[in-house]
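One file, structure-v5.cif, is given below (mmCIF, C-alpha atoms).
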data_work
loop_
_atom_site.label_atom_id
_atom_site.label_comp_id
_atom_site.auth_asym_id
_atom_site.auth_seq_id
_atom_site.Cartn_x
_atom_site.Cartn_y
_atom_site.Cartn_z
CA MET E 1 -1.10 -16.09 26.77
CA THR E 2 -3.93 -15.88 24.23
CA PRO E 3 -4.90 -12.27 23.41
CA ARG E 4 -8.40 -11.40 24.58
CA HIS E 5 -9.58 -10.26 21.15
CA PHE E 6 -8.97 -13.73 19.64
CA PRO E 7 -11.63 -16.43 20.07
CA SER E 8 -10.57 -19.66 21.72
CA HIS E 9 -11.13 -21.69 18.53
CA SER E 10 -9.85 -20.94 15.05
CA PRO E 11 -12.45 -19.90 12.43
CA PRO E 12 -13.43 -22.49 9.79
CA TRP E 13 -11.54 -20.62 7.04
CA TRP E 14 -8.24 -20.68 8.97
CA PRO E 15 -5.56 -22.98 7.43
CA LYS E 16 -5.31 -26.29 9.24
CA ASN E 17 -1.51 -26.25 9.40
CA GLU E 18 -1.28 -22.73 10.85
CA PRO E 19 -1.20 -22.14 14.64
CA TRP E 20 -4.05 -20.32 16.32
CA PRO E 21 -4.06 -17.60 17.53
CA PRO E 22 -1.66 -16.00 15.03
CA ALA E 23 1.69 -15.15 16.55
CA GLY E 24 1.82 -11.72 14.92
CA PRO E 25 4.93 -9.98 13.63
CA ALA E 26 8.33 -10.52 15.19
CA ASN E 27 9.26 -8.44 18.24
CA VAL E 28 5.65 -7.33 18.72
CA GLU E 29 5.92 -8.02 22.46
CA ARG E 30 9.00 -5.81 22.73
CA TRP E 31 7.17 -2.93 21.04
CA ARG E 32 4.16 -3.48 23.29
CA GLN E 33 6.38 -3.20 26.36
CA MET E 34 7.99 -0.07 24.94
CA ARG E 35 4.56 1.47 24.38
CA ASN E 36 3.60 0.66 27.97
CA ARG E 37 6.75 2.32 29.31
CA ILE E 38 6.06 5.46 27.29
CA MET E 39 2.49 5.58 28.59
CA VAL E 40 3.73 5.15 32.16
CA ARG E 41 6.12 8.06 31.71
CA ILE E 42 3.37 10.26 30.32
CA PHE E 43 1.13 9.33 33.25
CA ALA E 44 3.95 10.02 35.71
CA MET E 45 4.56 13.46 34.19
CA ILE E 46 0.85 14.27 34.44
CA VAL E 47 0.78 13.17 38.09
CA VAL E 48 3.85 15.26 38.91
CA LEU E 49 2.34 18.25 37.13
CA LEU E 50 -0.90 17.85 39.09
CA VAL E 51 1.01 17.56 42.36
CA LEU E 52 3.02 20.69 41.58
CA THR E 53 -0.10 22.57 40.55
CA THR E 54 -1.90 21.52 43.75
CA GLY E 55 1.12 22.43 45.85
CA ALA E 56 1.42 25.80 44.17
CA CYS E 57 -2.24 26.59 44.78
CA THR E 58 -1.95 25.48 48.41
CA PHE E 59 1.18 27.56 48.88
CA LEU E 60 -0.45 30.66 47.38
CA PHE E 61 -3.51 30.18 49.53
CA TRP E 62 -1.37 29.81 52.65
CA LEU E 63 0.75 32.81 51.69
CA ILE E 64 -2.28 35.04 51.16
CA GLN E 65 -3.78 33.94 54.47
CA GLY E 66 -0.48 34.55 56.27
CA LEU E 67 -0.05 38.00 54.79
CA LEU E 68 -3.61 38.88 55.79
CA GLY E 69 -3.03 37.54 59.29
CA ALA E 70 -5.74 34.93 59.03
CA THR E 71 -3.47 32.11 60.22
CA GLY E 72 -1.96 34.09 63.09
CA VAL E 73 1.55 32.94 62.02
CA PRO E 74 3.01 35.12 59.27
CA PRO E 75 5.29 33.21 56.87
CA GLY E 76 9.01 33.72 57.41
CA PRO E 77 11.31 34.89 54.59
CA GLY E 78 13.36 31.71 54.73
CA SER E 79 10.38 29.41 54.29
CA LEU E 80 9.09 31.55 51.45
CA VAL E 81 12.43 31.29 49.61
CA VAL E 82 12.70 27.53 50.13
CA VAL E 83 9.16 26.85 48.97
CA PHE E 84 9.60 29.15 45.98
CA LEU E 85 12.85 27.46 44.93
CA LEU E 86 11.31 24.00 45.23
CA PHE E 87 8.38 25.13 43.14
CA VAL E 88 10.64 26.62 40.44
CA ILE E 89 12.84 23.50 40.34
CA GLY E 90 9.79 21.28 40.02
CA ILE E 91 8.32 23.36 37.21
CA MET E 92 11.67 23.38 35.35
CA SER E 93 12.04 19.62 35.72
CA VAL E 94 8.55 18.92 34.43
CA THR E 95 8.99 21.42 31.60
CA ARG E 96 12.29 19.80 30.58
CA ALA E 97 10.72 16.33 30.64
CA LEU E 98 7.76 17.51 28.60
CA ARG E 99 10.00 19.18 26.02
CA ARG E 100 12.23 16.10 25.85
CA PHE E 101 9.18 14.01 25.06
CA ALA E 102 7.14 16.51 23.02
CA MET E 103 9.84 17.66 20.60
CA PRO E 104 10.64 14.18 19.19
CA VAL E 105 6.90 13.48 18.97
CA GLY E 106 6.48 16.74 17.07
CA ASP E 107 9.28 15.72 14.71
CA LEU E 108 7.54 12.38 14.14
CA MET E 109 4.23 14.09 13.41
CA GLU E 110 5.84 16.45 10.91
CA ALA E 111 7.78 13.65 9.20
CA THR E 112 4.66 11.45 9.08
CA GLY E 113 2.82 14.22 7.27
CA ARG E 114 5.62 14.49 4.73
CA VAL E 115 5.59 10.74 4.12
CA ALA E 116 1.80 10.82 3.73
CA GLU E 117 2.32 13.41 0.97
CA GLY E 118 4.76 11.08 -0.81
CA ASP E 119 8.07 12.55 0.42
CA TYR E 120 10.05 9.43 1.36
CA SER E 121 13.19 11.44 2.08
CA ALA E 122 11.75 12.54 5.45
CA ARG E 123 13.79 11.45 8.46
CA VAL E 124 13.64 12.31 12.16
CA ALA E 125 16.50 12.95 14.56
CA GLU E 126 16.97 10.21 17.15
CA ARG E 127 16.71 12.13 20.40
CA GLY E 128 14.83 11.96 23.68
CA SER E 129 14.54 8.95 25.97
CA ARG E 130 15.73 5.50 24.95
CA ASP E 131 12.26 4.33 23.96
CA VAL E 132 11.53 7.49 21.97
CA ARG E 133 14.87 7.10 20.16
CA ALA E 134 13.90 3.52 19.33
CA VAL E 135 10.60 4.71 17.85
CA ALA E 136 12.43 7.34 15.78
CA ARG E 137 14.93 4.73 14.58
CA ALA E 138 12.10 2.35 13.61
CA PHE E 139 10.35 5.19 11.75
CA ASN E 140 13.50 6.00 9.77
CA GLU E 141 13.97 2.33 8.87
CA MET E 142 10.33 2.08 7.80
CA VAL E 143 10.61 5.14 5.57
CA SER E 144 13.86 3.81 4.11
CA ARG E 145 12.07 0.59 3.15
CA LEU E 146 9.19 2.56 1.67
CA GLN E 147 11.65 4.63 -0.34
CA ALA E 148 13.44 1.51 -1.58
CA ASN E 149 10.13 -0.18 -2.46
CA ASP E 150 8.96 2.91 -4.32
CA ALA E 151 12.20 3.05 -6.30
CA GLU E 152 11.94 -0.68 -7.01
CA ARG E 153 8.35 -0.24 -8.18
CA ARG E 154 9.36 2.56 -10.54
CA ASN E 155 12.25 0.51 -11.91
CA LEU E 156 9.99 -2.50 -12.32
CA LEU E 157 7.46 -0.50 -14.32
CA ALA E 158 10.22 0.88 -16.51
CA ASP E 159 11.71 -2.59 -17.07
CA VAL E 160 8.35 -4.19 -17.83
CA THR E 161 7.53 -1.41 -20.27
CA HIS E 162 10.88 -1.87 -21.99
CA GLU E 163 10.52 -5.65 -22.25
CA LEU E 164 6.98 -5.42 -23.60
CA ARG E 165 7.80 -2.69 -26.10
CA THR E 166 10.19 -4.79 -28.21
CA PRO E 167 7.85 -7.66 -29.18
CA LEU E 168 4.91 -5.29 -29.52
CA THR E 169 6.93 -3.10 -31.89
CA VAL E 170 7.85 -6.12 -34.02
CA ILE E 171 4.24 -7.33 -34.12
CA GLN E 172 2.94 -3.87 -34.97
CA GLY E 173 5.55 -3.34 -37.68
CA ASN E 174 4.87 -6.67 -39.35
CA LEU E 175 1.10 -6.24 -39.23
CA GLU E 176 1.31 -2.74 -40.68
CA GLY E 177 3.61 -4.03 -43.43
CA LEU E 178 1.17 -6.82 -44.24
CA LEU E 179 -1.82 -4.48 -44.32
CA ASP E 180 0.00 -1.89 -46.45
CA GLY E 181 1.17 -4.52 -48.89
CA ILE E 182 4.86 -3.96 -48.12
CA TYR E 183 5.28 -7.55 -46.92
CA PRO E 184 3.67 -10.52 -48.68
CA ARG E 185 1.11 -12.36 -46.60
CA ASP E 186 3.11 -15.57 -46.49
CA ASP E 187 3.95 -18.08 -43.78
CA ALA E 188 7.37 -16.55 -43.12
CA HIS E 189 5.99 -13.19 -41.97
CA LEU E 190 3.08 -14.77 -40.11
CA ALA E 191 5.52 -17.08 -38.31
CA ALA E 192 7.55 -14.06 -37.17
CA ILE E 193 4.42 -12.50 -35.71
CA LEU E 194 3.48 -15.77 -34.02
CA GLU E 195 6.95 -16.07 -32.48
CA GLU E 196 6.71 -12.58 -31.00
CA THR E 197 3.34 -13.42 -29.48
CA ARG E 198 4.99 -16.43 -27.87
CA VAL E 199 7.69 -14.14 -26.48
CA LEU E 200 4.98 -11.92 -25.02
CA SER E 201 3.18 -14.93 -23.55
CA ARG E 202 6.36 -16.23 -21.90
CA LEU E 203 7.12 -12.79 -20.51
CA VAL E 204 3.62 -12.45 -19.02
CA ASP E 205 3.83 -15.95 -17.52
CA ASP E 206 7.24 -15.17 -16.04
CA LEU E 207 6.00 -11.92 -14.54
CA ARG E 208 3.00 -13.67 -13.01
CA THR E 209 5.15 -16.46 -11.56
CA LEU E 210 7.63 -13.96 -10.13
CA ALA E 211 4.89 -11.81 -8.61
CA LEU E 212 3.22 -14.81 -6.95
CA ALA E 213 6.53 -16.16 -5.65
CA GLU E 214 7.69 -12.83 -4.23
CA SER E 215 4.36 -12.23 -2.50
CA GLY E 216 4.29 -15.73 -1.01
CA ALA E 217 1.02 -16.52 -2.83
CA LEU E 218 2.49 -19.15 -5.17
CA HIS E 219 0.72 -22.47 -4.63
CA LEU E 220 3.09 -25.42 -4.81
CA GLN E 221 1.65 -28.79 -5.79
CA LYS E 222 4.13 -30.93 -3.89
CA GLU E 223 4.38 -34.65 -4.46
CA PRO E 224 7.07 -37.34 -4.01
CA THR E 225 9.59 -36.68 -6.77
CA ASP E 226 12.64 -38.59 -7.94
CA LEU E 227 15.21 -35.87 -8.70
CA GLY E 228 17.24 -38.22 -10.86
CA ILE E 229 14.33 -38.86 -13.21
CA LEU E 230 13.39 -35.17 -13.24
CA LEU E 231 16.96 -34.15 -14.02
CA ASN E 232 17.33 -36.65 -16.88
CA GLU E 233 13.98 -35.62 -18.38
CA THR E 234 15.02 -31.97 -18.32
CA ARG E 235 18.39 -32.83 -19.83
CA ALA E 236 16.66 -34.77 -22.61
CA SER E 237 14.57 -31.73 -23.55
CA PHE E 238 17.79 -29.69 -24.00
CA ARG E 239 19.79 -32.41 -25.75
CA ALA E 240 18.85 -31.44 -29.30
CA GLY E 241 19.70 -27.78 -28.73
CA ALA E 242 22.98 -28.70 -27.09
CA GLU E 243 23.99 -31.00 -29.96
CA GLN E 244 23.09 -28.35 -32.50
CA ALA E 245 25.26 -25.83 -30.61
CA GLY E 246 28.12 -28.35 -30.36
CA ILE E 247 27.95 -28.49 -26.55
CA GLU E 248 28.27 -31.67 -24.49
CA LEU E 249 25.49 -31.99 -21.92
CA ILE E 250 26.29 -34.41 -19.08
CA ALA E 251 24.05 -35.54 -16.20
CA GLU E 252 25.38 -37.16 -13.02
CA VAL E 253 23.05 -38.39 -10.29
CA GLN E 254 24.40 -40.04 -7.15
CA PRO E 255 22.46 -43.09 -5.92
CA ASN E 256 21.97 -41.72 -2.39
CA VAL E 257 19.55 -38.96 -3.40
CA PRO E 258 16.19 -39.59 -1.67
CA SER E 259 12.75 -38.90 -3.07
CA LEU E 260 11.77 -35.31 -2.24
CA GLN E 261 8.41 -33.70 -1.52
CA VAL E 262 8.53 -30.91 -4.11
CA ASP E 263 6.53 -29.40 -6.95
CA PRO E 264 8.12 -31.18 -9.95
CA ALA E 265 6.86 -28.63 -12.49
CA ARG E 266 8.41 -25.73 -10.57
CA ILE E 267 11.74 -27.50 -9.94
CA ARG E 268 11.85 -28.40 -13.63
CA GLN E 269 11.28 -24.70 -14.38
CA VAL E 270 14.26 -23.85 -12.16
CA LEU E 271 16.45 -26.33 -14.04
CA GLU E 272 15.24 -25.10 -17.42
CA ASN E 273 16.02 -21.47 -16.59
CA ILE E 274 19.52 -22.33 -15.39
CA LEU E 275 20.25 -24.64 -18.33
CA ALA E 276 18.96 -22.08 -20.82
CA ASN E 277 21.43 -19.54 -19.47
CA ALA E 278 24.27 -22.08 -19.51
CA LEU E 279 23.58 -22.96 -23.16
CA ARG E 280 23.38 -19.29 -24.10
CA PHE E 281 26.83 -18.46 -22.71
CA THR E 282 28.75 -21.66 -23.44
CA PRO E 283 30.69 -21.62 -26.74
CA ARG E 284 30.83 -24.46 -29.22
CA GLY E 285 32.95 -27.34 -27.96
CA GLY E 286 32.11 -26.54 -24.32
CA THR E 287 30.58 -28.74 -21.64
CA ILE E 288 27.61 -28.38 -19.32
CA ARG E 289 27.51 -30.75 -16.37
CA VAL E 290 24.35 -31.24 -14.29
CA SER E 291 24.88 -33.13 -11.06
CA CYS E 292 22.66 -34.13 -8.15
CA SER E 293 23.76 -35.35 -4.72
CA ALA E 294 22.54 -35.53 -1.11
CA ARG E 295 24.45 -34.04 1.79
CA ASP E 296 23.61 -32.86 5.33
CA ALA E 297 19.86 -33.53 5.02
CA PHE E 298 19.70 -31.49 1.81
CA ALA E 299 19.66 -32.50 -1.84
CA ALA E 300 21.97 -30.35 -3.95
CA ILE E 301 21.70 -29.80 -7.71
CA SER E 302 24.44 -27.94 -9.55
CA VAL E 303 24.79 -26.82 -13.16
CA SER E 304 28.38 -26.12 -14.23
CA ASP E 305 29.44 -24.86 -17.62
CA THR E 306 32.70 -23.97 -19.36
CA GLY E 307 31.34 -20.73 -20.72
CA VAL E 308 32.58 -17.16 -20.70
CA GLY E 309 31.87 -16.66 -17.00
CA ILE E 310 30.35 -13.73 -15.12
CA SER E 311 32.27 -10.67 -14.02
CA ALA E 312 32.70 -9.89 -10.33
CA ASP E 313 30.56 -6.77 -10.77
CA ASP E 314 27.64 -8.67 -12.30
CA LEU E 315 27.78 -11.80 -10.11
CA PRO E 316 26.06 -10.34 -6.98
CA HIS E 317 23.12 -9.18 -9.11
CA ILE E 318 22.37 -12.12 -11.39
CA PHE E 319 19.38 -13.18 -9.27
CA ASP E 320 17.85 -9.68 -9.37
CA ARG E 321 14.84 -9.36 -11.64
CA PHE E 322 15.46 -7.70 -15.02
CA TYR E 323 19.20 -7.57 -14.34
CA LYS E 324 21.12 -8.38 -17.50
CA SER E 325 24.77 -8.22 -18.41
CA ARG E 326 25.79 -6.38 -21.55
CA SER E 327 26.02 -9.62 -23.52
CA SER E 328 22.67 -10.99 -22.34
CA HIS E 329 19.69 -11.02 -24.68
CA GLY E 330 17.08 -12.54 -22.34
CA SER E 331 14.41 -10.85 -20.25
CA GLY E 332 16.44 -10.93 -17.02
CA LEU E 333 13.74 -12.91 -15.20
CA GLY E 334 14.94 -16.52 -15.47
CA LEU E 335 17.34 -16.59 -12.52
CA ALA E 336 15.10 -14.31 -10.42
CA ILE E 337 12.27 -16.81 -10.88
CA ALA E 338 14.63 -19.69 -10.08
CA LYS E 339 15.71 -18.02 -6.84
CA ASN E 340 12.14 -17.42 -5.68
CA LEU E 341 10.98 -20.93 -6.60
CA VAL E 342 13.87 -22.48 -4.70
CA ALA E 343 13.16 -20.23 -1.70
CA ALA E 344 9.47 -21.24 -1.83
CA HIS E 345 10.63 -24.84 -1.36
CA GLY E 346 12.78 -23.89 1.62
CA GLY E 347 16.09 -24.10 -0.25
CA GLU E 348 18.89 -21.76 -1.25
CA ILE E 349 20.57 -20.94 -4.55
CA THR E 350 24.11 -19.64 -5.07
CA ALA E 351 26.41 -18.87 -7.97
CA HIS E 352 30.16 -19.05 -8.46
CA SER E 353 31.90 -17.86 -11.60
CA GLU E 354 35.25 -16.81 -13.03
CA ILE E 355 35.79 -14.96 -16.28
CA GLY E 356 36.91 -17.40 -18.96
CA ARG E 357 36.49 -20.46 -16.70
CA GLY E 358 32.73 -20.88 -16.57
CA THR E 359 29.91 -20.64 -14.06
CA THR E 360 28.42 -22.97 -11.47
CA ILE E 361 24.92 -22.41 -10.11
CA ARG E 362 23.97 -24.62 -7.20
CA PHE E 363 20.69 -24.90 -5.34
CA THR E 364 19.59 -27.06 -2.43
CA LEU E 365 16.26 -28.59 -1.47
CA PRO E 366 15.38 -29.95 1.97
CA THR E 367 14.87 -33.68 2.34
CA PRO E 368 11.65 -35.02 3.90
CA GLU E 369 13.37 -35.26 7.30
CA THR E 370 14.43 -31.63 7.15
CA SER E 371 10.98 -30.48 6.02
CA LYS E 372 9.20 -31.97 9.04
CA PRO E 373 8.07 -29.36 11.63
#
Can I see the file as structure tokens?
Amino acid sequence: MTPRHFPSHSPPWWPKNEPWPPAGPANVERWRQMRNRIMVRIFAMIVVLLVLTTGACTFLFWLIQGLLGATGVPPGPGSLVVVFLLFVIGIMSVTRALRRFAMPVGDLMEATGRVAEGDYSARVAERGSRDVRAVARAFNEMVSRLQANDAERRNLLADVTHELRTPLTVIQGNLEGLLDGIYPRDDAHLAAILEETRVLSRLVDDLRTLALAESGALHLQKEPTDLGILLNETRASFRAGAEQAGIELIAEVQPNVPSLQVDPARIRQVLENILANALRFTPRGGTIRVSCSARDAFAAISVSDTGVGISADDLPHIFDRFYKSRSSHGSGLGLAIAKNLVAAHGGEITAHSEIGRGTTIRFTLPTPETSKP
């Protein structure tokens, strides 16, 4: 059913391929039903409290009239005791229900105030009715995510600062040396400064790409792409570096790979990041094999090397941004960018490695049949 606050037709700025009205977040209907149940319980408690209050006033009025003889029938002791007990039981039941509801709500209000002040360690006890416990559980999960995001933000700022400091320090040192006359103003020292500016430029571009991909704002310029041609072109750009390092670079493309609707520049960036890592950690005399095949409505590309391998402790984190092993000298963004670019295309990326036996990184891309809605 279309919500009442949405117009019947989508606005002109709404994307053509998006359904209207928007579906909203997952499980929103379940939370709406839970809210309705809580409101019904509050209303029921108010009604019961009003009934008890009305009954108590009526009973007191009748009791006073009976004691004064206005009704002609004085109240008996037994009826007085029964009515009094019923009244006490009712008041105790309503009080217990109100406390059972009010105390968790009070905990939520207090914890919300602490979170608003920046204390993400605040948690609430899961008590009360089932729905109230569910709200408390959702609040704790929300605060846990906020705490994790805050820690990730702090770590990201620290990592970015660290990565920017190194090239800036080199540039500053060389420029100061040139101005003070310590270094001659020749092409060698100017080239070093230029190279560090290129490092800075690549780092800024990588950060921008990663930020856009993680936020879902990265615009992909998809077009029909032959993966075999793209793979061979990428391999050709690395051939000179591989020959200089004494590494054999092999490309294998199966003939059954269909043309895919992808952003060729971004998929090439994924391949370049993976190949750059493979070349960095493969010793002289090693082999890097790039293969492409189609299976189960997905095209799979794998890059296998005979390098030093990745330890079991480092392997689960290699796709995390700024994560670097002790022997790594990169920025720690290449594989994180690769993961997000593959995910933006609807694919998956995995890694398998053994110390001393090399590493294989494999990612999949959906075929046109799989990509259809």
**Asked** Which distance in Å separates CA of Pro167 in chain E and CA of Val199 in chain E, to one decimal?
**Response** 7.0 Å
**Item:** Selection under test: the PyMOL selection byres ((chain E and resi 267) around 12); residues as a PyMOL selection string
**Value:** chain E and resi 220-223+225-227+230-231+233-234+260-266+268-274+301+337-345+347+363-365
**Asked** Mind listing as a PyMOL selection string all residues within 9 Å of (34.7, -21.9, -26.3), counting only C-alpha atoms?
**Response** chain E and resi 282-286+306-308+356
**Request:** Name the residues in contact with Ile355 in chain E at a cut-off of 12 Å, using all atoms listed in the file, excluding same-chain residues fewer than 5 positions from it; report them as a list of chain:residue names.
**Result:**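 The filter keeps E:Phe281, E:Asp305, E:Thr306, E:Gly307, E:Val308, E:Gly309, E:Ile310, E:Ser311, E:Ala312, E:Asp313, E:Asp314, E:Leu315, E:Thr360.
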Write to file, as a JSON list (two decimals), in the frame of the given file, the residues of the selection just made, with C-alpha atoms.
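The file below, out_18.json, is the result:
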[["chain", "number", "residue", "atom", "x", "y", "z"],
["E", 281, "PHE", "CA", 26.83, -18.46, -22.71],
["E", 305, "ASP", "CA", 29.44, -24.86, -17.62],
["E", 306, "THR", "CA", 32.70, -23.97, -19.36],
["E", 307, "GLY", "CA", 31.34, -20.73, -20.72],
["E", 308, "VAL", "CA", 32.58, -17.16, -20.70],
["E", 309, "GLY", "CA", 31.87, -16.66, -17.00],
["E", 310, "ILE", "CA", 30.35, -13.73, -15.12],
["E", 311, "SER", "CA", 32.27, -10.67, -14.02],
["E", 312, "ALA", "CA", 32.70, -9.89, -10.33],
["E", 313, "ASP", "CA", 30.56, -6.77, -10.77],
["E", 314, "ASP", "CA", 27.64, -8.67, -12.30],
["E", 315, "LEU", "CA", 27.78, -11.80, -10.11],
["E", 360, "THR", "CA", 28.42, -22.97, -11.47]]
**Message:** I need the output of the PyMOL selection byres ((chain E and resi 350) around 7) for this file as number ranges by chain; which residues are they?
**Reply:** E: 348-349, 351-352, 361-363
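With only C-alpha atoms as the atoms that count, the residue of E:Ala213, E:Leu164, E:Ala300, E:Leu218 with the shortest distance to Glu196 in chain E is E:Leu164.
Using all atoms listed in the file, the shortest contact distance between Glu214 in chain E and any of E:Asp320, E:Leu179, E:Ser121, E:Val257 is found at E:Asp320.
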